[in-house]
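input_15.cif, holding mmCIF, C-alpha atoms:
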data_input
#
loop_
_atom_site.group_PDB
_atom_site.id
_atom_site.type_symbol
_atom_site.label_atom_id
_atom_site.label_comp_id
_atom_site.auth_asym_id
_atom_site.auth_seq_id
_atom_site.Cartn_x
_atom_site.Cartn_y
_atom_site.Cartn_z
ATOM 1 C CA MET D 6 -43.307 -162.782 -32.442
ATOM 2 C CA ARG D 7 -41.510 -163.642 -35.695
ATOM 3 C CA THR D 8 -43.456 -165.416 -38.429
ATOM 4 C CA VAL D 9 -41.470 -168.394 -39.720
ATOM 5 C CA ALA D 10 -42.524 -170.610 -42.622
ATOM 6 C CA HIS D 11 -42.527 -174.383 -42.361
ATOM 7 C CA PRO D 12 -39.938 -176.181 -44.513
ATOM 8 C CA GLU D 13 -41.076 -177.100 -48.017
ATOM 9 C CA GLN D 14 -39.613 -179.642 -50.412
ATOM 10 C CA SER D 15 -37.442 -176.937 -51.973
ATOM 11 C CA HIS D 16 -35.792 -176.357 -48.582
ATOM 12 C CA HIS D 17 -35.035 -180.059 -48.209
ATOM 13 C CA ASP D 18 -33.683 -180.402 -51.750
ATOM 14 C CA ARG D 19 -31.420 -177.354 -51.424
ATOM 15 C CA ALA D 20 -30.173 -178.475 -48.017
ATOM 16 C CA TRP D 21 -29.334 -181.958 -49.284
ATOM 17 C CA GLU D 22 -27.398 -180.532 -52.229
ATOM 18 C CA VAL D 23 -25.200 -178.198 -50.145
ATOM 19 C CA VAL D 24 -24.613 -180.679 -47.313
ATOM 20 C CA ARG D 25 -23.611 -183.437 -49.707
ATOM 21 C CA ARG D 26 -21.200 -181.068 -51.451
ATOM 22 C CA HIS D 27 -19.409 -179.977 -48.274
ATOM 23 C CA LEU D 28 -19.711 -182.777 -45.690
ATOM 24 C CA PRO D 29 -18.891 -186.489 -45.710
ATOM 25 C CA VAL D 30 -21.518 -189.001 -44.592
ATOM 26 C CA THR D 31 -20.956 -189.691 -40.886
ATOM 27 C CA PRO D 32 -20.584 -193.344 -39.854
ATOM 28 C CA VAL D 33 -23.104 -195.661 -38.249
ATOM 29 C CA VAL D 34 -21.664 -198.288 -35.896
ATOM 30 C CA THR D 35 -23.255 -201.021 -33.815
ATOM 31 C CA SER D 36 -23.214 -200.641 -30.032
ATOM 32 C CA PRO D 37 -23.103 -203.997 -28.241
ATOM 33 C CA GLN D 38 -22.679 -202.117 -24.959
ATOM 34 C CA LEU D 39 -26.231 -200.789 -25.308
ATOM 35 C CA GLY D 40 -27.947 -203.794 -26.850
ATOM 36 C CA ARG D 41 -27.975 -206.255 -29.708
ATOM 37 C CA HIS D 42 -30.070 -204.065 -31.991
ATOM 38 C CA VAL D 43 -28.710 -200.631 -31.035
ATOM 39 C CA SER D 44 -26.575 -198.530 -33.377
ATOM 40 C CA LEU D 45 -24.996 -195.090 -33.172
ATOM 41 C CA LYS D 46 -24.656 -192.346 -35.774
ATOM 42 C CA ILE D 47 -21.513 -190.473 -34.880
ATOM 43 C CA GLU D 48 -22.097 -186.807 -35.680
ATOM 44 C CA THR D 49 -19.184 -185.951 -33.391
ATOM 45 C CA PHE D 50 -17.026 -186.672 -36.448
ATOM 46 C CA GLN D 51 -18.332 -183.544 -38.178
ATOM 47 C CA PRO D 52 -15.621 -180.906 -38.786
ATOM 48 C CA THR D 53 -17.091 -178.664 -36.067
ATOM 49 C CA GLY D 54 -17.708 -181.562 -33.670
ATOM 50 C CA SER D 55 -21.492 -181.257 -33.963
ATOM 51 C CA PHE D 56 -24.408 -182.020 -36.307
ATOM 52 C CA LYS D 57 -25.315 -178.324 -36.391
ATOM 53 C CA VAL D 58 -22.933 -177.669 -39.269
ATOM 54 C CA ARG D 59 -25.643 -179.243 -41.464
ATOM 55 C CA GLY D 60 -28.202 -176.567 -40.660
ATOM 56 C CA GLY D 61 -25.532 -173.899 -40.790
ATOM 57 C CA LEU D 62 -24.589 -174.807 -44.339
ATOM 58 C CA ALA D 63 -28.225 -174.954 -45.454
ATOM 59 C CA ALA D 64 -29.107 -171.570 -43.935
ATOM 60 C CA VAL D 65 -25.996 -169.729 -45.106
ATOM 61 C CA ALA D 66 -26.357 -171.126 -48.629
ATOM 62 C CA ALA D 67 -29.997 -170.008 -48.725
ATOM 63 C CA THR D 68 -29.039 -166.498 -47.560
ATOM 64 C CA ARG D 69 -26.230 -166.223 -50.110
ATOM 65 C CA ASP D 70 -28.429 -167.437 -52.963
ATOM 66 C CA SER D 71 -31.425 -165.225 -52.125
ATOM 67 C CA THR D 72 -29.504 -162.052 -51.174
ATOM 68 C CA PRO D 73 -25.859 -162.066 -52.344
ATOM 69 C CA GLY D 74 -23.623 -160.061 -50.023
ATOM 70 C CA ARG D 75 -25.981 -160.214 -47.048
ATOM 71 C CA GLU D 76 -24.358 -161.010 -43.719
ATOM 72 C CA VAL D 77 -25.667 -163.555 -41.218
ATOM 73 C CA VAL D 78 -26.258 -162.988 -37.488
ATOM 74 C CA ALA D 79 -27.039 -165.651 -34.898
ATOM 75 C CA ALA D 80 -27.151 -166.351 -31.184
ATOM 76 C CA SER D 81 -25.631 -169.591 -30.029
ATOM 77 C CA ALA D 82 -24.577 -171.614 -27.017
ATOM 78 C CA GLY D 83 -21.690 -172.670 -29.244
ATOM 79 C CA ASN D 84 -22.391 -175.416 -31.767
ATOM 80 C CA HIS D 85 -24.853 -173.464 -33.930
ATOM 81 C CA GLY D 86 -22.343 -170.644 -34.106
ATOM 82 C CA LEU D 87 -19.607 -173.091 -35.071
ATOM 83 C CA GLY D 88 -21.803 -174.485 -37.824
ATOM 84 C CA LEU D 89 -22.480 -171.015 -39.225
ATOM 85 C CA ALA D 90 -18.807 -170.058 -38.925
ATOM 86 C CA TYR D 91 -17.779 -173.121 -40.898
ATOM 87 C CA ALA D 92 -20.479 -172.455 -43.479
ATOM 88 C CA GLY D 93 -19.538 -168.807 -43.790
ATOM 89 C CA ALA D 94 -15.921 -169.738 -44.476
ATOM 90 C CA ALA D 95 -16.922 -172.400 -46.987
ATOM 91 C CA LEU D 96 -19.457 -170.239 -48.828
ATOM 92 C CA GLY D 97 -17.894 -166.779 -48.547
ATOM 93 C CA VAL D 98 -20.510 -165.183 -46.255
ATOM 94 C CA LYS D 99 -19.707 -162.912 -43.281
ATOM 95 C CA VAL D 100 -21.037 -164.225 -39.961
ATOM 96 C CA THR D 101 -21.602 -162.597 -36.549
ATOM 97 C CA VAL D 102 -22.249 -164.847 -33.549
ATOM 98 C CA ILE D 103 -23.663 -163.618 -30.216
ATOM 99 C CA VAL D 104 -22.661 -165.968 -27.398
ATOM 100 C CA PRO D 105 -23.779 -165.822 -23.733
ATOM 101 C CA ARG D 106 -20.978 -164.829 -21.379
ATOM 102 C CA LEU D 107 -21.302 -168.162 -19.565
ATOM 103 C CA ALA D 108 -21.100 -170.283 -22.729
ATOM 104 C CA SER D 109 -18.836 -173.331 -22.833
ATOM 105 C CA ALA D 110 -15.197 -172.261 -22.907
ATOM 106 C CA ALA D 111 -14.451 -175.072 -25.366
ATOM 107 C CA LYS D 112 -17.044 -173.792 -27.829
ATOM 108 C CA VAL D 113 -15.981 -170.162 -27.519
ATOM 109 C CA SER D 114 -12.359 -171.184 -28.088
ATOM 110 C CA ALA D 115 -13.366 -173.152 -31.167
ATOM 111 C CA LEU D 116 -15.346 -170.176 -32.521
ATOM 112 C CA ARG D 117 -12.284 -167.944 -32.226
ATOM 113 C CA GLN D 118 -10.508 -170.159 -34.753
ATOM 114 C CA PHE D 119 -12.867 -168.912 -37.482
ATOM 115 C CA ASP D 120 -13.001 -165.523 -39.175
ATOM 116 C CA VAL D 121 -16.239 -164.472 -37.477
ATOM 117 C CA ARG D 122 -17.325 -161.445 -35.466
ATOM 118 C CA LEU D 123 -17.801 -162.896 -31.974
ATOM 119 C CA ILE D 124 -19.792 -160.952 -29.361
ATOM 120 C CA LEU D 125 -20.275 -162.132 -25.763
ATOM 121 C CA HIS D 126 -23.570 -160.765 -24.425
ATOM 122 C CA GLY D 127 -25.973 -161.664 -21.641
ATOM 123 C CA GLU D 128 -26.002 -164.285 -18.935
ATOM 124 C CA GLY D 129 -28.001 -166.849 -20.924
ATOM 125 C CA TYR D 130 -29.185 -167.763 -24.388
ATOM 126 C CA SER D 131 -32.384 -165.678 -24.241
ATOM 127 C CA GLU D 132 -30.446 -162.442 -23.741
ATOM 128 C CA ALA D 133 -27.966 -163.350 -26.474
ATOM 129 C CA GLU D 134 -30.813 -164.119 -28.879
ATOM 130 C CA ALA D 135 -32.589 -160.822 -28.152
ATOM 131 C CA HIS D 136 -29.361 -158.948 -28.884
ATOM 132 C CA ALA D 137 -28.833 -160.904 -32.112
ATOM 133 C CA LEU D 138 -32.361 -160.056 -33.299
ATOM 134 C CA GLU D 139 -31.773 -156.368 -32.539
ATOM 135 C CA LEU D 140 -28.455 -156.393 -34.371
ATOM 136 C CA ALA D 141 -29.909 -158.151 -37.409
ATOM 137 C CA SER D 142 -32.733 -155.616 -37.590
ATOM 138 C CA ALA D 143 -30.364 -152.660 -37.223
ATOM 139 C CA THR D 144 -27.889 -153.855 -39.868
ATOM 140 C CA GLY D 145 -30.209 -155.609 -42.326
ATOM 141 C CA SER D 146 -28.440 -158.903 -41.754
ATOM 142 C CA GLY D 147 -30.160 -162.265 -41.914
ATOM 143 C CA PHE D 148 -30.980 -163.724 -38.478
ATOM 144 C CA VAL D 149 -30.563 -167.501 -38.353
ATOM 145 C CA SER D 150 -32.188 -169.263 -35.424
ATOM 146 C CA PRO D 151 -30.556 -172.524 -34.279
ATOM 147 C CA TYR D 152 -33.950 -174.252 -34.585
ATOM 148 C CA ASN D 153 -36.812 -171.945 -35.635
ATOM 149 C CA ASP D 154 -35.777 -171.660 -39.281
ATOM 150 C CA PRO D 155 -36.936 -173.735 -42.274
ATOM 151 C CA ASP D 156 -33.478 -174.007 -43.839
ATOM 152 C CA VAL D 157 -31.857 -175.010 -40.546
ATOM 153 C CA ILE D 158 -34.526 -177.663 -39.983
ATOM 154 C CA ALA D 159 -34.084 -178.979 -43.516
ATOM 155 C CA GLY D 160 -30.325 -179.050 -43.062
ATOM 156 C CA GLN D 161 -30.585 -181.088 -39.880
ATOM 157 C CA GLY D 162 -32.988 -183.425 -41.673
ATOM 158 C CA THR D 163 -30.238 -184.465 -44.080
ATOM 159 C CA LEU D 164 -29.011 -186.655 -41.224
ATOM 160 C CA ALA D 165 -32.147 -188.809 -41.435
ATOM 161 C CA ARG D 166 -31.906 -189.009 -45.206
ATOM 162 C CA GLU D 167 -28.453 -190.528 -44.752
ATOM 163 C CA LEU D 168 -29.843 -192.971 -42.189
ATOM 164 C CA LEU D 169 -32.425 -194.316 -44.622
ATOM 165 C CA GLU D 170 -29.559 -195.256 -46.944
ATOM 166 C CA GLN D 171 -27.248 -196.534 -44.195
ATOM 167 C CA VAL D 172 -29.678 -198.571 -42.057
ATOM 168 C CA PRO D 173 -32.230 -200.561 -44.109
ATOM 169 C CA SER D 174 -33.658 -202.094 -40.911
ATOM 170 C CA LEU D 175 -34.189 -198.720 -39.197
ATOM 171 C CA GLY D 176 -36.958 -198.922 -36.588
ATOM 172 C CA THR D 177 -36.387 -196.107 -34.079
ATOM 173 C CA VAL D 178 -34.293 -192.935 -34.043
ATOM 174 C CA VAL D 179 -33.383 -191.377 -30.691
ATOM 175 C CA VAL D 180 -32.773 -187.637 -30.989
ATOM 176 C CA PRO D 181 -31.481 -185.071 -28.450
ATOM 177 C CA VAL D 182 -33.969 -182.199 -28.095
ATOM 178 C CA GLY D 183 -33.463 -178.581 -27.131
ATOM 179 C CA GLY D 184 -35.156 -176.111 -29.462
ATOM 180 C CA GLY D 185 -36.212 -178.976 -31.690
ATOM 181 C CA GLY D 186 -34.486 -178.166 -34.970
ATOM 182 C CA LEU D 187 -32.934 -181.618 -35.224
ATOM 183 C CA VAL D 188 -35.949 -183.619 -34.094
ATOM 184 C CA ALA D 189 -38.201 -181.614 -36.442
ATOM 185 C CA GLY D 190 -35.845 -182.178 -39.373
ATOM 186 C CA VAL D 191 -35.519 -185.883 -38.614
ATOM 187 C CA ALA D 192 -39.270 -186.317 -38.179
ATOM 188 C CA LEU D 193 -40.027 -184.556 -41.474
ATOM 189 C CA ALA D 194 -37.388 -186.563 -43.338
ATOM 190 C CA LEU D 195 -38.891 -189.793 -41.984
ATOM 191 C CA ALA D 196 -42.525 -188.792 -42.555
ATOM 192 C CA GLY D 197 -44.351 -191.481 -44.500
ATOM 193 C CA THR D 198 -42.175 -194.257 -43.063
ATOM 194 C CA ASP D 199 -42.951 -196.396 -40.027
ATOM 195 C CA VAL D 200 -39.772 -195.306 -38.218
ATOM 196 C CA ARG D 201 -40.431 -194.152 -34.650
ATOM 197 C CA VAL D 202 -38.852 -190.853 -33.574
ATOM 198 C CA ILE D 203 -38.104 -190.337 -29.874
ATOM 199 C CA GLY D 204 -36.771 -187.053 -28.552
ATOM 200 C CA VAL D 205 -34.725 -186.821 -25.350
ATOM 201 C CA GLU D 206 -34.249 -183.626 -23.350
ATOM 202 C CA SER D 207 -32.645 -182.740 -20.046
ATOM 203 C CA GLU D 208 -35.050 -182.605 -17.122
ATOM 204 C CA ALA D 209 -33.323 -179.338 -16.214
ATOM 205 C CA SER D 210 -34.726 -177.703 -19.368
ATOM 206 C CA PRO D 211 -37.921 -179.452 -20.552
ATOM 207 C CA ALA D 212 -39.030 -176.720 -22.951
ATOM 208 C CA MET D 213 -40.146 -178.986 -25.804
ATOM 209 C CA SER D 214 -42.116 -181.482 -23.719
ATOM 210 C CA ALA D 215 -43.868 -178.593 -21.950
ATOM 211 C CA ALA D 216 -44.749 -176.971 -25.284
ATOM 212 C CA VAL D 217 -45.944 -180.220 -26.874
ATOM 213 C CA ALA D 218 -48.131 -180.931 -23.848
ATOM 214 C CA ALA D 219 -49.598 -177.412 -23.876
ATOM 215 C CA GLY D 220 -49.923 -177.162 -27.654
ATOM 216 C CA THR D 221 -47.959 -173.924 -27.650
ATOM 217 C CA VAL D 222 -44.707 -172.486 -26.316
ATOM 218 C CA VAL D 223 -44.864 -171.958 -22.553
ATOM 219 C CA PRO D 224 -42.165 -170.448 -20.319
ATOM 220 C CA ILE D 225 -40.231 -172.866 -18.130
ATOM 221 C CA ALA D 226 -37.641 -172.565 -15.393
ATOM 222 C CA VAL D 227 -34.234 -173.544 -16.781
ATOM 223 C CA GLU D 228 -31.891 -175.132 -14.274
ATOM 224 C CA PRO D 229 -28.111 -175.600 -14.661
ATOM 225 C CA THR D 230 -27.329 -178.590 -16.865
ATOM 226 C CA LEU D 231 -24.402 -180.428 -18.410
ATOM 227 C CA ALA D 232 -26.493 -180.450 -21.601
ATOM 228 C CA ASP D 233 -25.948 -176.724 -22.178
ATOM 229 C CA GLY D 234 -26.597 -177.139 -25.900
ATOM 230 C CA LEU D 235 -30.190 -178.165 -25.122
ATOM 231 C CA ALA D 236 -30.934 -175.527 -22.483
ATOM 232 C CA GLY D 237 -33.208 -172.507 -22.761
ATOM 233 C CA ASN D 238 -36.748 -171.398 -23.428
ATOM 234 C CA LEU D 239 -38.237 -171.631 -26.907
ATOM 235 C CA GLU D 240 -38.929 -168.689 -29.172
ATOM 236 C CA ALA D 241 -42.622 -167.765 -29.205
ATOM 237 C CA GLY D 242 -44.363 -169.470 -32.104
ATOM 238 C CA ALA D 243 -41.482 -171.856 -32.778
ATOM 239 C CA ILE D 244 -42.495 -174.082 -35.705
ATOM 240 C CA THR D 245 -40.618 -177.033 -34.226
ATOM 241 C CA VAL D 246 -43.400 -177.506 -31.688
ATOM 242 C CA ASP D 247 -46.056 -177.867 -34.390
ATOM 243 C CA ILE D 248 -43.856 -180.284 -36.318
ATOM 244 C CA ALA D 249 -43.151 -182.438 -33.264
ATOM 245 C CA ARG D 250 -46.863 -182.583 -32.441
ATOM 246 C CA HIS D 251 -47.960 -183.286 -36.011
ATOM 247 C CA GLU D 252 -45.355 -186.032 -36.496
ATOM 248 C CA LYS D 253 -46.214 -187.557 -33.091
ATOM 249 C CA VAL D 254 -42.698 -187.359 -31.691
ATOM 250 C CA GLU D 255 -42.445 -188.869 -28.210
ATOM 251 C CA ILE D 256 -40.398 -186.743 -25.786
ATOM 252 C CA LEU D 257 -38.528 -188.249 -22.817
ATOM 253 C CA THR D 258 -36.398 -186.546 -20.174
ATOM 254 C CA VAL D 259 -33.199 -187.696 -18.467
ATOM 255 C CA SER D 260 -31.619 -186.577 -15.220
ATOM 256 C CA GLU D 261 -28.361 -184.721 -14.711
ATOM 257 C CA ALA D 262 -26.997 -187.786 -12.919
ATOM 258 C CA ASP D 263 -27.771 -189.942 -15.972
ATOM 259 C CA ILE D 264 -26.156 -187.431 -18.331
ATOM 260 C CA ARG D 265 -23.033 -187.216 -16.188
ATOM 261 C CA SER D 266 -22.648 -190.981 -15.812
ATOM 262 C CA THR D 267 -23.239 -191.498 -19.528
ATOM 263 C CA MET D 268 -20.533 -189.035 -20.532
ATOM 264 C CA ALA D 269 -18.092 -191.027 -18.371
ATOM 265 C CA TYR D 270 -19.440 -194.363 -19.629
ATOM 266 C CA ALA D 271 -19.083 -193.307 -23.269
ATOM 267 C CA ALA D 272 -15.443 -192.385 -22.695
ATOM 268 C CA HIS D 273 -14.445 -195.381 -20.576
ATOM 269 C CA LYS D 274 -16.474 -198.133 -22.260
ATOM 270 C CA MET D 275 -17.098 -196.867 -25.808
ATOM 271 C CA GLY D 276 -14.052 -194.702 -26.513
ATOM 272 C CA LEU D 277 -16.189 -191.674 -27.372
ATOM 273 C CA VAL D 278 -16.070 -188.059 -26.214
ATOM 274 C CA LEU D 279 -19.591 -186.693 -25.795
ATOM 275 C CA GLU D 280 -20.738 -183.338 -24.514
ATOM 276 C CA GLY D 281 -23.813 -183.397 -22.293
ATOM 277 C CA ALA D 282 -26.241 -182.598 -25.111
ATOM 278 C CA GLY D 283 -24.712 -185.346 -27.228
ATOM 279 C CA ALA D 284 -25.082 -187.934 -24.470
ATOM 280 C CA VAL D 285 -28.799 -187.703 -23.641
ATOM 281 C CA GLY D 286 -29.909 -190.351 -26.139
ATOM 282 C CA VAL D 287 -27.468 -192.915 -24.788
ATOM 283 C CA ALA D 288 -28.496 -191.871 -21.263
ATOM 284 C CA ALA D 289 -32.136 -192.668 -22.058
ATOM 285 C CA VAL D 290 -31.238 -196.154 -23.302
ATOM 286 C CA ARG D 291 -28.972 -196.842 -20.320
ATOM 287 C CA ALA D 292 -31.695 -195.651 -17.913
ATOM 288 C CA GLY D 293 -34.178 -198.112 -19.402
ATOM 289 C CA LEU D 294 -36.460 -195.385 -20.771
ATOM 290 C CA ILE D 295 -36.139 -196.844 -24.275
ATOM 291 C CA THR D 296 -36.393 -200.563 -24.906
ATOM 292 C CA PRO D 297 -34.561 -201.613 -28.092
ATOM 293 C CA ASP D 298 -36.690 -203.445 -30.655
ATOM 294 C CA GLN D 299 -36.161 -207.205 -30.369
ATOM 295 C CA SER D 300 -37.625 -207.988 -33.791
ATOM 296 C CA GLY D 301 -34.352 -207.180 -35.536
ATOM 297 C CA ARG D 302 -35.050 -203.556 -36.446
ATOM 298 C CA GLN D 303 -32.375 -201.097 -35.330
ATOM 299 C CA THR D 304 -32.693 -198.521 -32.596
ATOM 300 C CA LEU D 305 -30.428 -195.720 -33.790
ATOM 301 C CA VAL D 306 -29.084 -193.225 -31.238
ATOM 302 C CA LEU D 307 -27.726 -189.923 -32.505
ATOM 303 C CA LEU D 308 -24.456 -188.777 -30.929
ATOM 304 C CA THR D 309 -24.731 -185.118 -31.741
ATOM 305 C CA GLY D 310 -21.724 -183.296 -30.261
ATOM 306 C CA ARG D 311 -18.297 -183.626 -28.651
ATOM 307 C CA ASN D 312 -17.509 -180.010 -27.704
ATOM 308 C CA VAL D 313 -17.010 -180.133 -23.956
ATOM 309 C CA ALA D 314 -14.547 -178.012 -21.975
ATOM 310 C CA PRO D 315 -11.502 -180.093 -20.944
ATOM 311 C CA ALA D 316 -11.806 -179.164 -17.255
ATOM 312 C CA LEU D 317 -15.469 -180.188 -17.160
ATOM 313 C CA PHE D 318 -14.751 -183.416 -19.003
ATOM 314 C CA GLU D 319 -11.975 -184.278 -16.573
ATOM 315 C CA GLU D 320 -14.333 -183.621 -13.675
ATOM 316 C CA VAL D 321 -16.977 -185.900 -15.197
ATOM 317 C CA LEU D 322 -14.470 -188.695 -15.826
ATOM 318 C CA HIS D 323 -13.160 -188.672 -12.273
ATOM 319 C CA ALA D 324 -16.375 -188.019 -10.344
#
Could you spell out this file's structure in structure tokens?
Amino acid sequence: MRTVAHPEQSHHDRAWEVVRRHLPVTPVVTSPQLGRHVSLKIETFQPTGSFKVRGGLAAVAATRDSTPGREVVAASAGNHGLGLAYAGAALGVKVTVIVPRLASAAKVSALRQFDVRLILHGEGYSEAEAHALELASATGSGFVSPYNDPDVIAGQGTLARELLEQVPSLGTVVVPVGGGGLVAGVALALAGTDVRVIGVESEASPAMSAAVAAGTVVPIAVEPTLADGLAGNLEAGAITVDIARHEKVEILTVSEADIRSTMAYAAHKMGLVLEGAGAVGVAAVRAGLITPDQSGRQTLVLLTGRNVAPALFEEVLHA
């Protein structure tokens, strides 16, 4: 089991500096379709189509600054790899990404547009991650987890720091949850405020809720899911579990049917392309699992990614 430090203030400060230098602030818009006091932060407008470019920039910058010339290795279902690829190009760091053979075709195609070493290995994320760890150890490269990394967590937390400036009446933030890097970063950035943080995962892969309930990482059965970016077991000792428990993050789950219908609803009624992982927050609101605050404070839903294969998206739209 790897030992990973919790993020400190220096991680957050460094992440904010590099993210602000390389990325624009993503917009917040109201969503009358979901309720009078519901808003959306549209991370699908990021240059890689996903919020994960934030953590990628923070982690690659930290590697470059601490060990100039060191390469970065990661496993990814797609969006984490895209974030690191973008960061590597922006910061002049070589990046290798290990992707499961069954990863989203849209994300693999997008990765091939960057100057990265791309390796397809294993049937699922766990096998890809094991290979990435072996490769990092053999070559002396820096392994960057998509969630169990203090710089990645701090990078994702820059999203919440933007929200505090954009939404003065912020009451609740609804966050998609897989490994927990985003929800941990958001929860830490909002610590000391009275803003409620709610995580939403796919019922096909409830790794975080199982770990929070048990107080430690426990193995789960992972079923096929449209929210492929949230799927997989957690790394043993993942610090995101401790953070979610300490910050009292509530975790909800949504069904595959709700994810599918929400992807279609977002396109037809809201004019937005969402991948499955990016749709779970809206799915939770539409399913009545989250009741928007009626006192005037905003319920803010994070739309975290748009990278869905065209054939799958067409199937969802016409189901």
Exercise: Gly145 (chain D) partners within 12 Å, all atoms listed in the file, chain neighbours under 2 positions left out, as a ChimeraX atom specification: /D:72,74-78,137-143,147-148
Residues within 10 Å of His11 (chain D), all atoms listed in the file, excluding chain neighbours under 2 positions, as a VMD selection string: chain D and resid 8 to 9 13 16 153 to 156 158 to 159 243 to 245 247 to 248
Expected file: the selected residues, C-alpha atoms, as an mmCIF file, in the coordinates of the input:
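Final file, again12.cif:
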data_model
loop_
_atom_site.group_PDB
_atom_site.id
_atom_site.type_symbol
_atom_site.label_atom_id
_atom_site.label_comp_id
_atom_site.auth_asym_id
_atom_site.auth_seq_id
_atom_site.Cartn_x
_atom_site.Cartn_y
_atom_site.Cartn_z
ATOM 1 C CA THR D 8 -43.456 -165.416 -38.429
ATOM 2 C CA VAL D 9 -41.470 -168.394 -39.720
ATOM 3 C CA GLU D 13 -41.076 -177.100 -48.017
ATOM 4 C CA HIS D 16 -35.792 -176.357 -48.582
ATOM 5 C CA ASN D 153 -36.812 -171.945 -35.635
ATOM 6 C CA ASP D 154 -35.777 -171.660 -39.281
ATOM 7 C CA PRO D 155 -36.936 -173.735 -42.274
ATOM 8 C CA ASP D 156 -33.478 -174.007 -43.839
ATOM 9 C CA ILE D 158 -34.526 -177.663 -39.983
ATOM 10 C CA ALA D 159 -34.084 -178.979 -43.516
ATOM 11 C CA ALA D 243 -41.482 -171.856 -32.778
ATOM 12 C CA ILE D 244 -42.495 -174.082 -35.705
ATOM 13 C CA THR D 245 -40.618 -177.033 -34.226
ATOM 14 C CA ASP D 247 -46.056 -177.867 -34.390
ATOM 15 C CA ILE D 248 -43.856 -180.284 -36.318
#
Work out how far CA of Thr304 (chain D) is from CA of Ala272 (chain D), in Å to one decimal. 20.8 Å
Expand the PyMOL selection byres ((chain D and resi 305) around 6) into the explicit residue set it covers here, and present it as a ChimeraX atom specification. /D:43-45,177-178,303-304,306
Carefully work through the PyMOL selection byres ((chain D and resi 259) around 7) for this structure and note down the residues it includes, as a PyMOL selection string. chain D and resi 206-208+257-258+260-261+263+285+288-289
CA of Ala115 (chain D) to CA of Leu87 (chain D) measures 7.4 Å
What gap, in Å, lies between CA of Leu193 (chain D) and CA of Arg166 (chain D)?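 About the pair CA of Leu193 (chain D) and CA of Arg166 (chain D): they are 10.0 Å apart.
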Extract, using all atoms listed in the file, all DNA, RNA and protein residues at most 12 Å from Asn312 (chain D), discarding same-chain residues fewer than 5 positions from it, and format them as number ranges by chain. D: 48-57, 82-85, 87, 108-116, 231-234, 268, 277-284, 317-318
Decode the PyMOL selection byres ((chain D and resi 132) around 12) for the given file into explicit residues and return them as an MDAnalysis selection string. chainID D and resid 80:82 103:107 125:131 133:139 237:238 240
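The residue that comes closest to Leu239 (chain D), out of D:Ile47, D:Val33, D:Met6, D:Ala192 and on the basis of all atoms listed in the file, is D:Met6.
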Restricting the calculation to all atoms listed in the file, which member of D:Thr101, D:Arg265, D:Thr221, D:Gly276 is positioned closest to Thr144 (chain D)? D:Thr101
Which residues are near Val227 (chain D)? Cut-off 7 Å, only C-alpha atoms, ignore same chain within fewer than 5 positions. Put them as number ranges by chain. D: 209-210, 236-237
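The nearest approach to Thr267 (chain D) among the residues D:Val180, D:Leu39, D:Ala216, D:Ala64, with all atoms listed in the file taken into account, belongs to D:Leu39.
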Please enclose the listed atoms of region 174-178 of chain D in an axis-aligned box, pad each side by 8 Å, and write out the centre and the three edge lengths in Å, rounded to one decimal, as AutoDock Vina command-line options.
--center_x -35.3 --center_y -197.5 --center_z -37.5 --size_x 19.3 --size_y 25.2 --size_z 22.9
Neighbours of Arg26 (chain D) within 12 Å (only C-alpha atoms; same-chain residues fewer than 4 positions away dropped), as a list in words?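 Once the adjacent positions are removed, what remains is Arg19, Ala20, Trp21, Glu22, Val30, Arg59, Leu62, Ala63, Ala66, Ala92, Ala95 and Leu96 of chain D.
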Would you write out those residues with C-alpha atoms, as a tab-separated table (two decimals), keeping the file's coordinate frame?
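Generated output (part_1.tsv):
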chain	number	residue	atom	x	y	z
D	19	ARG	CA	-31.42	-177.35	-51.42
D	20	ALA	CA	-30.17	-178.48	-48.02
D	21	TRP	CA	-29.33	-181.96	-49.28
D	22	GLU	CA	-27.40	-180.53	-52.23
D	30	VAL	CA	-21.52	-189.00	-44.59
D	59	ARG	CA	-25.64	-179.24	-41.46
D	62	LEU	CA	-24.59	-174.81	-44.34
D	63	ALA	CA	-28.22	-174.95	-45.45
D	66	ALA	CA	-26.36	-171.13	-48.63
D	92	ALA	CA	-20.48	-172.46	-43.48
D	95	ALA	CA	-16.92	-172.40	-46.99
D	96	LEU	CA	-19.46	-170.24	-48.83
